[in-house]
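For reference, the structure discussed in these notes is given below.
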Amino acid sequence: MLRESNIGRAIIKSALRDLEEVSEVDVAIVGAGPSGLTASYYLAKHGFKVVVFERRFSFGGGIGPGGNMLPRIVFQEEALPILSEFGVRYEPSEYGVYTVDPSVLIAKLASKAIDAGARIFLGVHVDDVIYRSDPPRITGILWIWTPIQMSGMHVDPLYTEAKAVVDATGHDAEIISVASRKIPELGITLAGEKSAYSEESEKLVVKHAGRVAPGLYVTGIAACAVYGLPRMGPIFGGMLMSGKRVAEIIAEDLRGEKVALPAEGK
Ligand code: 48F
């Protein structure tokens, strides 16, 4: 018999178990856009306990709208090995770049990350970090359900402790911004994103992916706001490569050794 009470029980029991499970993780990633999902895949694949918190009730961040809502985004040649690893179909164009259907990229990134063992929670807004002063470091995040945050009511959030927190929140670098405002002793200043220079910025977002303060990392376009880098537009190779790069750096920091993240099948 299908009893309403059992529908509720099943949800409560299983959801609370999962929420308790992510009270403490190796890596907490904020933002399920291209950079956050890519980082979560490589870290989970490498055996780390990874959770991704995403404010919306969907994955993909800026992928979905394509280029000004035309359903294509672009990749450069250097990013093709990552696309192949995720099983994403791409098409060459006469302009020296490759086009991808955004819906395919979203689905493949998310499903590979989940299959590798990453947990993704949707509808979760991260609004602060946990800080310890001796030595100074970030040790986790504070989260609240998005609809509560949007209601404007004050409700105290819950915690997730993590050895590494990754800001993959996109243009506003929300987590690093909070840390820079509330923890001046970390000495973080946000230089602010600069106007588009795609060729440069695609390289720079990979180069600058990494540790911003002990326990706090940046990936994706958030690096532009932190380091004053130029932005790009609907070209996404740098986002995936930046996610992979931050995963390598975190793996090295947490393991205390150099880590090579092999491509699939190697
Ligand atoms: O914006 P987003 O896609 O960031 P990204 O991974 O990729 C940038 C590109 O989409 C694009 C570009 C590249 O060519 O220029 O802009 O760097 O994904 C960021 C995700 O983080 C979520 C947000 O809803 C989005 O899905 N997010 C932002 N702030 C929070 C958050 C927060 N405080 N808590 C939870 N999720």
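FYI, nothing fancy with the structure tokens labels: chains A, B, ... in order, residues from 1 per chain, ligands from 1 as they appear.
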
ask   = Got a sec to tell me which of region 82-239 of chain A DSSP assigns to helix (DSSP H, G or I), as a VMD selection string?
value = chain A and resid 82 to 85 102 to 116 146 to 151 174 to 182 184 to 186 198 to 207 222 to 227 237 to 239

message = Neighbouring residues of Leu186 (chain A) were defined as those with any atom within 8 Å, considering only C-alpha atoms; residues of the same chain fewer than 5 positions away were excluded. Please report them as a PyMOL selection string.
response = chain A and resi 136+179-180+213

Can you write out as CSV which residues of chain A fall within 7 Å of ligand 1, alongside each residue's closest atom pair and its distance in Å to one decimal, counting only C-alpha atoms and all ligand atoms and ordering rows by chain and ascending residue number?
```
residue,atom,partner,partner_atom_place_in_ligand_line,distance
A:Val30,CA,ligand 1,35 (C),5.3
A:Gly31,CA,ligand 1,21 (O),3.2
A:Ala32,CA,ligand 1,26 (O),5.0
A:Gly33,CA,ligand 1,18 (O),3.5
A:Pro34,CA,ligand 1,6 (O),4.1
A:Ser35,CA,ligand 1,6 (O),3.8
A:Gly36,CA,ligand 1,6 (O),5.5
A:Phe53,CA,ligand 1,35 (C),5.4
A:Glu54,CA,ligand 1,36 (N),3.9
A:Arg55,CA,ligand 1,36 (N),3.8
A:Arg56,CA,ligand 1,24 (O),5.2
A:Phe59,CA,ligand 1,26 (O),6.2
A:Gly60,CA,ligand 1,26 (O),5.8
A:Gly61,CA,ligand 1,26 (O),3.3
A:Gly62,CA,ligand 1,10 (O),3.2
A:Ile63,CA,ligand 1,10 (O),5.2
A:Val124,CA,ligand 1,35 (C),5.7
A:His125,CA,ligand 1,34 (N),3.7
A:Val126,CA,ligand 1,34 (N),3.9
A:Asp127,CA,ligand 1,33 (N),5.4
A:Ala168,CA,ligand 1,17 (O),5.5
A:Thr169,CA,ligand 1,21 (O),3.6
A:Gly170,CA,ligand 1,4 (O),3.4
A:His171,CA,ligand 1,1 (O),6.1
A:Glu174,CA,ligand 1,33 (N),5.7
A:Ile175,CA,ligand 1,33 (N),6.5
A:Thr219,CA,ligand 1,17 (O),6.5
A:Gly220,CA,ligand 1,17 (O),3.5
A:Ile221,CA,ligand 1,17 (O),3.9
A:Ala222,CA,ligand 1,17 (O),5.6
A:Arg231,CA,ligand 1,15 (O),6.4
A:Met232,CA,ligand 1,15 (O),5.3
A:Gly233,CA,ligand 1,15 (O),4.7
A:Pro234,CA,ligand 1,14 (O),4.7
A:Ile235,CA,ligand 1,14 (O),4.6
A:Phe236,CA,ligand 1,14 (O),4.5
A:Met239,CA,ligand 1,7 (O),5.8
```

task = Enumerate the residues of region 88-206 of chain A with a DSSP assignment of strand (DSSP E or B), computed from the backbone, and present them as a ChimeraX atom specification.
result = /A:91-92,98-100,119-122,124-133,136-145,158-167,194

Generate the output file for the selected residues, N, CA, C and O atoms, as a compact mmCIF listing (two decimals), in the first residue's frame.
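Result file is selection20.txt:
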```txt
# COMPACT_ATOMS: atom_id res chain seq x y z
N GLU A 91 32.28 19.36 -32.30
CA GLU A 91 32.27 19.45 -33.76
C GLU A 91 33.28 20.52 -34.18
O GLU A 91 33.25 21.63 -33.62
N PRO A 92 34.17 20.21 -35.11
CA PRO A 92 35.10 21.26 -35.56
C PRO A 92 34.34 22.34 -36.33
O PRO A 92 33.30 22.07 -36.93
N TYR A 98 36.05 24.55 -31.63
CA TYR A 98 35.12 23.42 -31.68
C TYR A 98 33.83 23.80 -30.96
O TYR A 98 33.89 24.51 -29.94
N THR A 99 32.70 23.34 -31.46
CA THR A 99 31.43 23.70 -30.82
C THR A 99 30.84 22.50 -30.09
O THR A 99 31.03 21.35 -30.49
N VAL A 100 30.13 22.82 -29.00
CA VAL A 100 29.53 21.79 -28.14
C VAL A 100 28.12 22.24 -27.78
O VAL A 100 27.87 23.43 -27.55
N ARG A 119 29.28 14.08 -4.22
CA ARG A 119 27.89 14.35 -3.84
C ARG A 119 27.55 15.76 -4.26
O ARG A 119 28.35 16.67 -4.04
N ILE A 120 26.39 15.96 -4.83
CA ILE A 120 25.97 17.31 -5.24
C ILE A 120 24.66 17.63 -4.54
O ILE A 120 23.70 16.85 -4.65
N PHE A 121 24.63 18.74 -3.82
CA PHE A 121 23.40 19.19 -3.18
C PHE A 121 22.91 20.44 -3.90
O PHE A 121 23.64 21.43 -4.01
N LEU A 122 21.68 20.37 -4.39
CA LEU A 122 21.08 21.51 -5.10
C LEU A 122 20.24 22.34 -4.14
O LEU A 122 19.76 21.83 -3.12
N VAL A 124 21.22 24.89 -2.37
CA VAL A 124 21.97 25.22 -1.15
C VAL A 124 22.80 26.48 -1.41
O VAL A 124 23.61 26.51 -2.35
N HIS A 125 22.60 27.46 -0.58
CA HIS A 125 23.36 28.71 -0.69
C HIS A 125 24.44 28.70 0.40
O HIS A 125 24.14 28.52 1.58
N VAL A 126 25.67 28.91 -0.03
CA VAL A 126 26.77 28.99 0.95
C VAL A 126 27.00 30.46 1.26
O VAL A 126 27.20 31.26 0.34
N ASP A 127 26.93 30.81 2.54
CA ASP A 127 27.01 32.25 2.82
C ASP A 127 28.18 32.67 3.71
O ASP A 127 28.34 33.85 3.98
N ASP A 128 29.00 31.72 4.15
CA ASP A 128 30.12 32.12 5.01
C ASP A 128 31.11 30.96 5.08
O ASP A 128 30.82 29.86 4.60
N VAL A 129 32.27 31.24 5.70
CA VAL A 129 33.27 30.20 5.89
C VAL A 129 33.52 30.01 7.38
O VAL A 129 33.19 30.87 8.20
N ILE A 130 34.11 28.87 7.72
CA ILE A 130 34.58 28.63 9.10
C ILE A 130 36.07 28.96 9.12
O ILE A 130 36.81 28.60 8.19
N TYR A 131 36.49 29.64 10.18
CA TYR A 131 37.88 30.14 10.25
C TYR A 131 38.51 29.72 11.57
O TYR A 131 37.85 29.75 12.62
N ARG A 132 39.75 29.29 11.51
CA ARG A 132 40.54 29.05 12.71
C ARG A 132 41.81 29.88 12.62
O ARG A 132 42.39 30.00 11.54
N SER A 133 42.25 30.40 13.80
CA SER A 133 43.32 31.40 13.74
C SER A 133 44.71 30.86 14.03
O SER A 133 45.70 31.55 13.78
N PRO A 136 46.25 30.45 10.94
CA PRO A 136 45.09 30.98 10.24
C PRO A 136 44.71 30.10 9.05
O PRO A 136 45.56 29.81 8.20
N ARG A 137 43.48 29.66 9.01
CA ARG A 137 43.05 28.80 7.89
C ARG A 137 41.53 28.72 7.81
O ARG A 137 40.85 28.96 8.81
N ILE A 138 41.05 28.37 6.65
CA ILE A 138 39.62 28.13 6.43
C ILE A 138 39.39 26.63 6.65
O ILE A 138 40.10 25.80 6.09
N THR A 139 38.38 26.32 7.45
CA THR A 139 38.15 24.90 7.78
C THR A 139 36.75 24.44 7.41
O THR A 139 36.32 23.38 7.85
N GLY A 140 36.03 25.22 6.62
CA GLY A 140 34.71 24.75 6.19
C GLY A 140 33.82 25.89 5.76
O GLY A 140 34.27 27.04 5.60
N ILE A 141 32.54 25.56 5.58
CA ILE A 141 31.58 26.58 5.09
C ILE A 141 30.28 26.50 5.89
O ILE A 141 30.02 25.51 6.59
N LEU A 142 29.49 27.55 5.76
CA LEU A 142 28.14 27.60 6.36
C LEU A 142 27.13 27.61 5.23
O LEU A 142 27.30 28.38 4.26
N TRP A 143 26.11 26.79 5.34
CA TRP A 143 25.14 26.71 4.24
C TRP A 143 23.70 26.76 4.75
O TRP A 143 23.40 26.38 5.87
N ILE A 144 22.85 27.23 3.84
CA ILE A 144 21.42 27.39 4.14
C ILE A 144 20.65 27.08 2.86
O ILE A 144 21.15 27.32 1.76
N TRP A 145 19.43 26.56 2.98
CA TRP A 145 18.65 26.30 1.77
C TRP A 145 18.37 27.61 1.05
O TRP A 145 18.00 28.61 1.66
N LEU A 158 23.71 25.80 8.70
CA LEU A 158 24.45 24.65 9.24
C LEU A 158 25.86 24.64 8.65
O LEU A 158 26.18 25.45 7.79
N TYR A 159 26.66 23.69 9.13
CA TYR A 159 28.09 23.69 8.79
C TYR A 159 28.50 22.46 7.98
O TYR A 159 27.94 21.38 8.16
N THR A 160 29.53 22.65 7.19
CA THR A 160 30.28 21.52 6.65
C THR A 160 31.76 21.82 6.88
O THR A 160 32.26 22.85 6.40
N GLU A 161 32.41 20.96 7.64
CA GLU A 161 33.86 21.13 7.81
C GLU A 161 34.57 20.46 6.63
O GLU A 161 34.14 19.40 6.17
N ALA A 162 35.64 21.11 6.17
CA ALA A 162 36.37 20.56 5.02
C ALA A 162 37.85 20.91 5.13
O ALA A 162 38.20 21.97 5.65
N LYS A 163 38.68 20.01 4.61
CA LYS A 163 40.12 20.31 4.59
C LYS A 163 40.41 21.34 3.51
O LYS A 163 41.39 22.08 3.60
N ALA A 164 39.59 21.35 2.48
CA ALA A 164 39.74 22.34 1.40
C ALA A 164 38.37 22.84 0.99
O ALA A 164 37.45 22.05 0.80
N VAL A 165 38.25 24.17 0.88
CA VAL A 165 37.02 24.80 0.38
C VAL A 165 37.36 25.44 -0.97
O VAL A 165 38.36 26.15 -1.08
N VAL A 166 36.53 25.16 -1.98
CA VAL A 166 36.81 25.70 -3.32
C VAL A 166 35.73 26.69 -3.71
O VAL A 166 34.54 26.36 -3.71
N ASP A 167 36.16 27.90 -4.04
CA ASP A 167 35.24 28.90 -4.58
C ASP A 167 35.13 28.70 -6.08
O ASP A 167 36.05 29.05 -6.84
N LYS A 194 38.42 42.01 -15.14
CA LYS A 194 38.64 43.00 -16.21
C LYS A 194 37.87 42.62 -17.48
O LYS A 194 37.37 41.50 -17.60
```
